[in-house]
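Input: a single structure, listed below in structure tokens.
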6 protein chains.
Amino acid sequence: MTNPPHATAAVRDGLSRFGVATIHEAQGRTGLLSSSISPIYPGAHISGNAVTVSVAPGDNWMIHVAVEQCQDGDVLVVAPTSPSDAGYFGELLASALAHRGVRGLVIDAGCRDVAELRVMGFPVWSQRVSAEGTVKESIGSVNVPVVCAGRLVEPGDVIVADDDGVVVVSRLTAAEVLEASHAREEKESRLRARYHDGELSLDVGEMRERLARKGLRYLDYEEYRKELRQ
Amino acid sequence: MTNPPHATAAVRDGLSRFGVATIHEAQGRTGLLSSSISPIYPGAHISGNAVTVSVAPGDNWMIHVAVEQCQDGDVLVVAPTSPSDAGYFGELLASALAHRGVRGLVIDAGCRDVAELRVMGFPVWSQRVSAEGTVKESIGSVNVPVVCAGRLVEPGDVIVADDDGVVVVSRLTAAEVLEASHAREEKESRLRARYHDGELSLDVGEMRERLARKGLRYLDYEEYRKELRQ
Amino acid sequence: MTNPPHATAAVRDGLSRFGVATIHEAQGRTGLLSSSISPIYPGAHISGNAVTVSVAPGDNWMIHVAVEQCQDGDVLVVAPTSPSDAGYFGELLASALAHRGVRGLVIDAGCRDVAELRVMGFPVWSQRVSAEGTVKESIGSVNVPVVCAGRLVEPGDVIVADDDGVVVVSRLTAAEVLEASHAREEKESRLRARYHDGELSLDVGEMRERLARKGLRYLDYEEYRKELRQ
Amino acid sequence: MTNPPHATAAVRDGLSRFGVATIHEAQGRTGLLSSSISPIYPGAHISGNAVTVSVAPGDNWMIHVAVEQCQDGDVLVVAPTSPSDAGYFGELLASALAHRGVRGLVIDAGCRDVAELRVMGFPVWSQRVSAEGTVKESIGSVNVPVVCAGRLVEPGDVIVADDDGVVVVSRLTAAEVLEASHAREEKESRLRARYHDGELSLDVGEMRERLARKGLRYLDYEEYRKELRQ
Amino acid sequence: MTNPPHATAAVRDGLSRFGVATIHEAQGRTGLLSSSISPIYPGAHISGNAVTVSVAPGDNWMIHVAVEQCQDGDVLVVAPTSPSDAGYFGELLASALAHRGVRGLVIDAGCRDVAELRVMGFPVWSQRVSAEGTVKESIGSVNVPVVCAGRLVEPGDVIVADDDGVVVVSRLTAAEVLEASHAREEKESRLRARYHDGELSLDVGEMRERLARKGLRYLDYEEYRKELRQ
Amino acid sequence: MTNPPHATAAVRDGLSRFGVATIHEAQGRTGLLSSSISPIYPGAHISGNAVTVSVAPGDNWMIHVAVEQCQDGDVLVVAPTSPSDAGYFGELLASALAHRGVRGLVIDAGCRDVAELRVMGFPVWSQRVSAEGTVKESIGSVNVPVVCAGRLVEPGDVIVADDDGVVVVSRLTAAEVLEASHAREEKESRLRARYHDGELSLDVGEMRERLARKGLRYLDYEEYRKELRQ
């Protein structure tokens, strides 16, 4: 597929200012990819428009096809049609993508050349690191809806990824989610300041009464032990 | 539970000078938490008194309750009542705990905001990294015995954690274990020096005779191959 | 077994100039150990002649025996006879091996003292990090063929390991594989330069015609969506 | 959501005559749920229209809501919004569903009361068996698109499940897939008869020439071994 | 340890009338062993007093010691001190235990001779099936508190196991839990009858109002789809 | 490879009288495949000469080639060159193999059509059940040494498989292993009879003295608890 619609650059780049956890919360605890996907090196934090690729197991041919569909500000999202931990992606493909302004890769499979990718600063979130090569025999699809690490990703959706993982934001709701992320971040800043000063979340969040209603009791440890022994 | 007994500060802090592997050996190869628990960033090494928390799956409410029970020199130990890989803990709770002098967190579940925690220097040993949020619906227990990553942890026990994992030392035996750790460390220092000078553990440990009794033989490789082919 | 044959130092050291992924490709996508084996710290890249050790589960006695058989330029390769995630290896054994010029360890089990090993610069590729101790009760074998992480390793084979994993090269074909690795690296350098200049692998690799024959079609996204809705 | 469109009863029931493997092949190797989902007892084989349920982790409240939306010939498809292995479903809910003519359950989580379900003949395909209870605290969604065991399932799609696993067939293409399954089954019957008579797939499938072109050679074993030793 | 206290035979045998899921609920959703433990054949359902055994990894010596401590109505509960999937137990030990009236085995490790055990009718709940042998080198402990599959089991506690898994009931609360199980079972019987007659849990459980308060809305599917497209 | 040497029919069939656990013990606790390989239905017990197949991940072409190399009394042993859980094998290939007298399949990957295979009585030991199809694009090797589920299998070796798993016996030592299995079985028969009569392995195996030397003590439970509390 060519020319899928996508979120605006302003919204996409605005979202890069927020962490994955914040955005996931801001959109109602949805869109988080499985925690089995993790960054190949720490410290990267990106956002971008998804260019999606559905590949056969152990076959990276369609990634080569997808490169041509990528443009500045994109993130490549690759999902095999059945589980594979082969190393679909390495520094050569990363060079090609970096040239086009692609910000990173999310792949529900393996990745290789991780030392080189760290040096290049091309971040990858993958299921594992594997040097295992792939073939170029079967065609697949580019820019179709894919299920990647347990979540539906549509082409043009916004992907945000950091050390905590990867979240997908629908292009249709990305502007709202950006706003909600701002709001959440502000609220968290205020909380952080109060916690930093030693206030307790029990008080800041007015939890004590609701906890008591649910039955929370405070017992002295020694008395509890005595009770247990009887 | 409030005010559980705990190991003395001298013993607790003394144990922080030894690695997890040394302490685990020194207390007779007991108390090691499952190796499925690992640090979110390398290089941390702490000891502290356990404040234990039993939480419902996907529910971090009791961690908020536990904060109030924490004091300087503690380590929070969190175990869900059934398996969960949600991200129970992030930088806001870490700020609150750091304010109180808590040295770190051990959790048999997920953790989020790992980039921020690394910057803050608040170490966490967790089953995984996950941005998945938790709810605040169910109450649990603080400072009761919990099974965390396959080991029983009682409130007030000493927790030591480093890049190798996490070990729990009963508060009742912590002083003895401290002494045994000193002894083991000294023995290892002597061994290290001898190995460094090129002595073999076969000789240092007087293993040759016992190995021979168990049947160890040395064969020349080529002769063995010939034997195999016949 | 003593004195197994091995690859020449020139070939062994020549291979250290190439990444695991390159060598794996150069020898026809064979010899790669399972991706469940990974380095305990990033950045190491070694080659060496395999000294193989078959050990009982949870028993590291034979590693002590193997130390004596190691010489400059070797890599120790340890495989338990049934699965074990105990920590067979730590800094004391590493000191002894480093003294003899051993370049690293590959073990299909656990490793401990990882902070100390990182400081010493003694690299280990292991299944996991575990402080769990091992016993010294059962004898095993040194310098026999072993299956380590799913691959057959014979004593004297060349092991290459980096951040992508571990590959074994038979001593019988190591010289050819070295040559093939050179050839592959040169080809990849040329590709890298062309990708860097913005050429597409679709064109460089002359894939377009073959893709078309396999049925690849380019559709405009909006038209595809309309088609889907009918 | 109420009243989603669905495949016709004729198509849905026609598909129940074919195995999951056949249907998966007939629709171009798509739609297969992860093999981590398996039947709780052997021998069941069903088809039905999907009633989808998105539930919170460890919370089965929405299954109770979904019961009311189920009708004769349906299959319930349940996916938690984040991983959970709790036992969301047991014999009480099965009684309620069986009363309404529901043919089975597919759940990317745990199931309990498996002995009772086997006796009732209410089949379940689940990630695991777990007696762990769930709460009724959070609402979710019924009859929305869900990702279950790695595949997108839309309400009204046809689900076919047997001892090999679970496949989803889009309601939009179910009639075509039924026809293609017939065709494939007929082809396989012919092959089965020929194989049964001792013909080789190499000949029946005319593979010999293509294999030779790919480089297949036949060597006598002893000669090959001699070659290896040189 | 010899002669630990235990639950009465009446309570122990009374609990065998209830399923694991019912007892787990009746004791407030506690005590359930990890779902990684499953029966080696379907259909067994037992209760018994726990004789606990702490064994070294890959070493079954203490099981031989434990046999002598077993008596009629017991269940053996075995936990290795570090993870092991070896086959600690087979038909010979089962013969010895059956002779003494032991009702089954729960082991957080492997089991072998499963065909023979099925024929004998000696049920085992284990982490896996493995023919791997164990050694007899290290002593451990019998009738001490152990952590088995994530739960603390004390000698004399009641173990109930069926196709859903294994639950432990403290001997101190077993009588209360028996009563609570009766109550729960009666309640479930009433529910079962009403569900069987076609009543909905939404009505029986008076959930509709609470769901509405939490925000549940019913939308017609086609309207929802239209909404989504805008 | 054609015409590999193999064990004699007498030895091969003699081994089928012994369980996998017995043979594994009789050959010195070697040769057991990983317990991740299990039978697709209970109750099968076979022995046969290995016809080995090395296949590409997700590609079953070489199994078709191997059929022609199979003869009466063989067992097919299939190992992918990198991990794959696709369903390489189903009833059509089983029909072809059954026609030739092949006794079963061992595969370190997935299998499908398990209901049909159970009806046919063609046993399979596989890593998992998966309906996922495979392609026919890459050639591999037949009758070469392969690593299957962690063990080296050479063509012509004897494979024995039952409900406990799979063991490989080298054709070079199969006659000795047969004899040792007889001896072990006789010894176990004697033990079984004695255990059945209520003798304890502690006495039969004369373990008491050795246990005492290792430090085993018998303590009364109540005294131990008192000790603990002090």
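Following the order of the structure tokens, first chain is A, next is B, and so on, with residues numbered from 1 inside each chain and ligands from 1 in the order they appear.
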For segment 15-77 of chain D against segment 179-197 of chain D, with a cut-off of 10 Å and counting only C-alpha atoms, what is the closest atom pair and its distance in Å to one decimal for every residue that makes the cut, ordered by chain and number, as a Markdown table?
| residue | atom | partner | partner_atom | distance |
| --- | --- | --- | --- | --- |
| D:Leu15 | CA | D:Ser181 | CA | 8.0 |
| D:Arg17 | CA | D:His182 | CA | 9.3 |
| D:Phe18 | CA | D:Ser181 | CA | 7.0 |
| D:Gly19 | CA | D:Ser181 | CA | 9.1 |
| D:Ala21 | CA | D:Ser181 | CA | 9.9 |
| D:Thr22 | CA | D:Ser181 | CA | 6.3 |
| D:Ile23 | CA | D:Ser181 | CA | 5.7 |
| D:His24 | CA | D:Ser181 | CA | 8.8 |
| D:Glu25 | CA | D:Ser181 | CA | 8.1 |
| D:Ala26 | CA | D:Ser181 | CA | 5.2 |
| D:Gln27 | CA | D:Ala180 | CA | 7.3 |
| D:Gly28 | CA | D:Ala180 | CA | 9.7 |
Spatial neighbours of segment 212-220 of chain E, max dist 9 Å, only C-alpha atoms, sep filter under 3 positions, as a PyMOL selection string: (chain D and resi 1-4+137-141) or (chain E and resi 207-209+223-225)
Any chance you could tabulate, as a tab-separated table, the residues of chain D at most 10 Å from chain B with each one's nearest atom pair and distance in Å to one decimal, using only C-alpha atoms, in chain and rising number order?
residue	atom	partner	partner_atom	distance
D:Ala56	CA	B:Gly58	CA	9.3
D:Pro57	CA	B:Gly58	CA	7.0
D:Gly58	CA	B:Pro57	CA	7.0
D:Asp59	CA	B:Pro57	CA	10.0
D:Thr81	CA	B:Glu132	CA	9.7
D:Ser82	CA	B:Glu132	CA	7.5
D:Pro83	CA	B:Asp85	CA	7.4
D:Ser84	CA	B:Ser84	CA	6.7
D:Asp85	CA	B:Pro83	CA	7.4
D:Ala86	CA	B:Ser82	CA	7.8
D:Glu132	CA	B:Ser82	CA	7.5
D:Gly133	CA	B:Ser82	CA	9.5
D:Thr134	CA	B:Pro57	CA	9.5
D:Val135	CA	B:Ser138	CA	9.3
D:Glu137	CA	B:Glu137	CA	7.5
D:Ser138	CA	B:Val135	CA	9.3
Members of segment 2-228 of chain C assigned strand (DSSP E) by DSSP, as a ChimeraX atom specification: /C:38-39,46-55,74-80,105-111,124-129,141-142,146-148,151-153,158-162,165-169
Saved selection, atoms kept: N, CA and C atoms, as a tab-separated table (two decimals), in the first residue's frame:
chain	number	residue	atom	x	y	z
C	38	SER	N	23.36	-15.08	25.81
C	38	SER	CA	23.68	-13.68	25.52
C	38	SER	C	24.81	-13.19	26.42
C	39	PRO	N	25.47	-12.10	26.01
C	39	PRO	CA	26.61	-11.61	26.79
C	39	PRO	C	26.16	-11.00	28.12
C	46	ILE	N	35.07	-11.55	20.80
C	46	ILE	CA	36.25	-12.41	20.91
C	46	ILE	C	36.20	-13.56	19.91
C	47	SER	N	37.38	-14.15	19.66
C	47	SER	CA	37.43	-15.47	19.03
C	47	SER	C	38.42	-16.32	19.82
C	48	GLY	N	38.27	-17.64	19.71
C	48	GLY	CA	39.19	-18.51	20.44
C	48	GLY	C	38.94	-19.96	20.09
C	49	ASN	N	39.89	-20.82	20.45
C	49	ASN	CA	39.73	-22.26	20.24
C	49	ASN	C	38.93	-22.86	21.39
C	50	ALA	N	37.95	-23.67	21.04
C	50	ALA	CA	37.07	-24.24	22.07
C	50	ALA	C	37.78	-25.28	22.91
C	51	VAL	N	37.77	-25.09	24.23
C	51	VAL	CA	38.02	-26.17	25.18
C	51	VAL	C	36.65	-26.53	25.72
C	52	THR	N	36.18	-27.72	25.41
C	52	THR	CA	34.80	-28.09	25.76
C	52	THR	C	34.74	-28.82	27.10
C	53	VAL	N	33.63	-28.59	27.81
C	53	VAL	CA	33.43	-29.22	29.11
C	53	VAL	C	31.98	-29.69	29.23
C	54	SER	N	31.84	-30.97	29.51
C	54	SER	CA	30.52	-31.52	29.77
C	54	SER	C	30.40	-31.70	31.28
C	55	VAL	N	29.40	-31.02	31.89
C	55	VAL	CA	29.28	-31.02	33.35
C	55	VAL	C	27.93	-31.59	33.76
C	74	ASP	N	42.38	-19.65	23.95
C	74	ASP	CA	41.22	-20.55	24.05
C	74	ASP	C	39.97	-19.82	24.53
C	75	VAL	N	38.84	-20.47	24.30
C	75	VAL	CA	37.55	-20.06	24.88
C	75	VAL	C	36.97	-21.31	25.53
C	76	LEU	N	36.51	-21.18	26.76
C	76	LEU	CA	35.91	-22.32	27.43
C	76	LEU	C	34.44	-22.42	27.03
C	77	VAL	N	34.01	-23.65	26.70
C	77	VAL	CA	32.63	-23.90	26.28
C	77	VAL	C	32.05	-24.97	27.21
C	78	VAL	N	31.04	-24.59	28.00
C	78	VAL	CA	30.52	-25.48	29.03
C	78	VAL	C	29.05	-25.81	28.78
C	79	ALA	N	28.74	-27.11	28.80
C	79	ALA	CA	27.35	-27.54	28.61
C	79	ALA	C	26.97	-28.57	29.66
C	80	PRO	N	25.91	-28.30	30.45
C	80	PRO	CA	25.46	-29.31	31.41
C	80	PRO	C	24.78	-30.47	30.68
C	105	LEU	N	34.20	-17.14	28.14
C	105	LEU	CA	33.45	-18.35	28.46
C	105	LEU	C	32.12	-18.31	27.73
C	106	VAL	N	31.72	-19.48	27.20
C	106	VAL	CA	30.37	-19.67	26.67
C	106	VAL	C	29.76	-20.81	27.48
C	107	ILE	N	28.61	-20.56	28.12
C	107	ILE	CA	28.03	-21.57	29.01
C	107	ILE	C	26.52	-21.63	28.85
C	108	ASP	N	26.01	-22.84	28.64
C	108	ASP	CA	24.56	-23.02	28.48
C	108	ASP	C	23.95	-23.25	29.86
C	109	ALA	N	24.20	-22.30	30.75
C	109	ALA	CA	23.74	-22.36	32.14
C	109	ALA	C	23.95	-20.95	32.71
C	110	GLY	N	24.03	-20.84	34.04
C	110	GLY	CA	24.16	-19.52	34.64
C	110	GLY	C	25.58	-19.14	34.99
C	111	CYS	N	25.76	-17.86	35.28
C	111	CYS	CA	27.06	-17.25	35.61
C	111	CYS	C	26.82	-16.26	36.74
C	124	VAL	N	31.59	-13.21	29.27
C	124	VAL	CA	30.86	-14.47	29.38
C	124	VAL	C	29.56	-14.36	28.58
C	125	TRP	N	29.28	-15.41	27.83
C	125	TRP	CA	27.98	-15.54	27.17
C	125	TRP	C	27.26	-16.68	27.88
C	126	SER	N	26.14	-16.38	28.51
C	126	SER	CA	25.47	-17.39	29.32
C	126	SER	C	23.96	-17.36	29.07
C	127	GLN	N	23.31	-18.39	29.59
C	127	GLN	CA	21.86	-18.47	29.46
C	127	GLN	C	21.21	-17.48	30.41
C	128	ARG	N	21.83	-17.26	31.57
C	128	ARG	CA	21.27	-16.33	32.52
C	128	ARG	C	22.31	-15.97	33.58
C	129	VAL	N	21.97	-14.97	34.37
C	129	VAL	CA	22.79	-14.60	35.52
C	129	VAL	C	22.16	-15.25	36.75
C	141	SER	N	33.39	-34.61	31.47
C	141	SER	CA	34.41	-34.77	30.45
C	141	SER	C	34.92	-33.42	29.96
C	142	VAL	N	36.19	-33.41	29.60
C	142	VAL	CA	36.80	-32.21	29.01
C	142	VAL	C	37.31	-32.57	27.62
C	146	VAL	N	30.52	-31.65	22.52
C	146	VAL	CA	29.36	-31.34	23.37
C	146	VAL	C	28.30	-30.63	22.53
C	147	VAL	N	27.04	-30.75	22.94
C	147	VAL	CA	25.99	-29.91	22.37
C	147	VAL	C	25.79	-28.75	23.33
C	148	CYS	N	26.10	-27.55	22.86
C	148	CYS	CA	25.97	-26.35	23.70
C	148	CYS	C	24.97	-25.41	23.04
C	151	ARG	N	23.93	-26.51	19.48
C	151	ARG	CA	24.90	-26.76	18.40
C	151	ARG	C	26.00	-27.70	18.89
C	152	LEU	N	26.49	-28.53	18.00
C	152	LEU	CA	27.61	-29.40	18.31
C	152	LEU	C	28.91	-28.60	18.29
C	153	VAL	N	29.67	-28.66	19.36
C	153	VAL	CA	30.97	-28.00	19.42
C	153	VAL	C	32.03	-29.08	19.67
C	158	VAL	N	36.67	-23.18	16.30
C	158	VAL	CA	36.80	-21.76	16.63
C	158	VAL	C	35.43	-21.23	17.08
C	159	ILE	N	35.44	-20.53	18.19
C	159	ILE	CA	34.24	-19.86	18.72
C	159	ILE	C	34.42	-18.36	18.48
C	160	VAL	N	33.42	-17.72	17.90
C	160	VAL	CA	33.41	-16.27	17.81
C	160	VAL	C	32.16	-15.79	18.52
C	161	ALA	N	32.31	-14.76	19.34
C	161	ALA	CA	31.18	-14.27	20.13
C	161	ALA	C	31.21	-12.75	20.17
C	162	ASP	N	30.04	-12.15	20.01
C	162	ASP	CA	29.93	-10.70	20.17
C	162	ASP	C	28.54	-10.37	20.71
C	165	GLY	N	25.63	-12.70	19.71
C	165	GLY	CA	25.56	-14.09	20.14
C	165	GLY	C	26.86	-14.82	19.90
C	166	VAL	N	26.75	-16.11	19.60
C	166	VAL	CA	27.92	-16.98	19.52
C	166	VAL	C	27.79	-17.88	18.30
C	167	VAL	N	28.88	-18.02	17.55
C	167	VAL	CA	28.90	-18.95	16.41
C	167	VAL	C	30.09	-19.88	16.54
C	168	VAL	N	29.91	-21.15	16.15
C	168	VAL	CA	31.00	-22.09	16.16
C	168	VAL	C	31.40	-22.39	14.72
C	169	VAL	N	32.72	-22.40	14.48
C	169	VAL	CA	33.26	-22.71	13.16
C	169	VAL	C	34.14	-23.95	13.31
Alpha helix (DSSP H) residues, from DSSP on the backbone, in chain B, as a ChimeraX atom specification: /B:9-15,20-26,61-67,91-99,114-120,174-196,201-204,208-214,221-229
Who sits within 8 Å of segment 172-174 of chain F, only C-alpha atoms, same chain under 2 positions skipped, as a list in words: Ala7, Val11, Arg12, Asp157, Val158, Val169, Ser170, Glu176, Val177 and Leu178 of chain F
Shell of 9 Å around Leu200 of chain E, only C-alpha atoms, local chain residues under 4 positions omitted, as number ranges by chain: D: 64-65, 67-68, 96; E: 194-195, 204-205
Could you dump the residues just selected with N, CA and C atoms as a PDB file, in the first residue's frame?
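Written file, part_24.pdb:
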ATOM      1  N   HIS D  64     -19.778 -11.905  32.001  1.00  0.00           N
ATOM      2  CA  HIS D  64     -21.171 -11.962  32.439  1.00  0.00           C
ATOM      3  C   HIS D  64     -22.055 -11.078  31.552  1.00  0.00           C
ATOM      4  N   VAL D  65     -21.529  -9.921  31.209  1.00  0.00           N
ATOM      5  CA  VAL D  65     -22.286  -9.026  30.314  1.00  0.00           C
ATOM      6  C   VAL D  65     -22.446  -9.675  28.939  1.00  0.00           C
ATOM      7  N   VAL D  67     -22.666 -12.800  28.078  1.00  0.00           N
ATOM      8  CA  VAL D  67     -23.584 -13.953  27.989  1.00  0.00           C
ATOM      9  C   VAL D  67     -24.894 -13.535  27.326  1.00  0.00           C
ATOM     10  N   GLU D  68     -25.391 -12.385  27.760  1.00  0.00           N
ATOM     11  CA  GLU D  68     -26.690 -11.916  27.249  1.00  0.00           C
ATOM     12  C   GLU D  68     -26.668 -11.649  25.743  1.00  0.00           C
ATOM     13  N   ALA D  96     -24.478 -21.369  31.740  1.00  0.00           N
ATOM     14  CA  ALA D  96     -25.264 -20.259  31.188  1.00  0.00           C
ATOM     15  C   ALA D  96     -25.108 -20.187  29.665  1.00  0.00           C
TER      16      ALA D  96
ATOM     17  N   ARG E 194     -30.188 -22.032  38.493  1.00  0.00           N
ATOM     18  CA  ARG E 194     -30.831 -20.859  37.874  1.00  0.00           C
ATOM     19  C   ARG E 194     -30.248 -20.581  36.494  1.00  0.00           C
ATOM     20  N   TYR E 195     -28.927 -20.724  36.349  1.00  0.00           N
ATOM     21  CA  TYR E 195     -28.310 -20.501  35.028  1.00  0.00           C
ATOM     22  C   TYR E 195     -28.806 -21.552  34.047  1.00  0.00           C
ATOM     23  N   VAL E 204     -29.285 -12.481  38.285  1.00  0.00           N
ATOM     24  CA  VAL E 204     -29.105 -13.248  39.511  1.00  0.00           C
ATOM     25  C   VAL E 204     -28.160 -12.507  40.453  1.00  0.00           C
ATOM     26  N   GLY E 205     -27.092 -11.958  39.873  1.00  0.00           N
ATOM     27  CA  GLY E 205     -26.086 -11.276  40.689  1.00  0.00           C
ATOM     28  C   GLY E 205     -26.372  -9.788  40.859  1.00  0.00           C
TER      29      GLY E 205
END
Long-range neighbours of Arg100 of chain D as a count of residues only, 8 Å cut-off, only C-alpha atoms, 5 positions minimum in chain: 4
Computed interatomic separation between atom CA of Asp203 of chain B and atom CA of Ala94 of chain C (Å): 16.5 Å
Residue with smallest distance to Glu222 of chain A - pool B:Val144, B:Ala149, B:Asp163, B:Val102, counting only C-alpha atoms: B:Val144
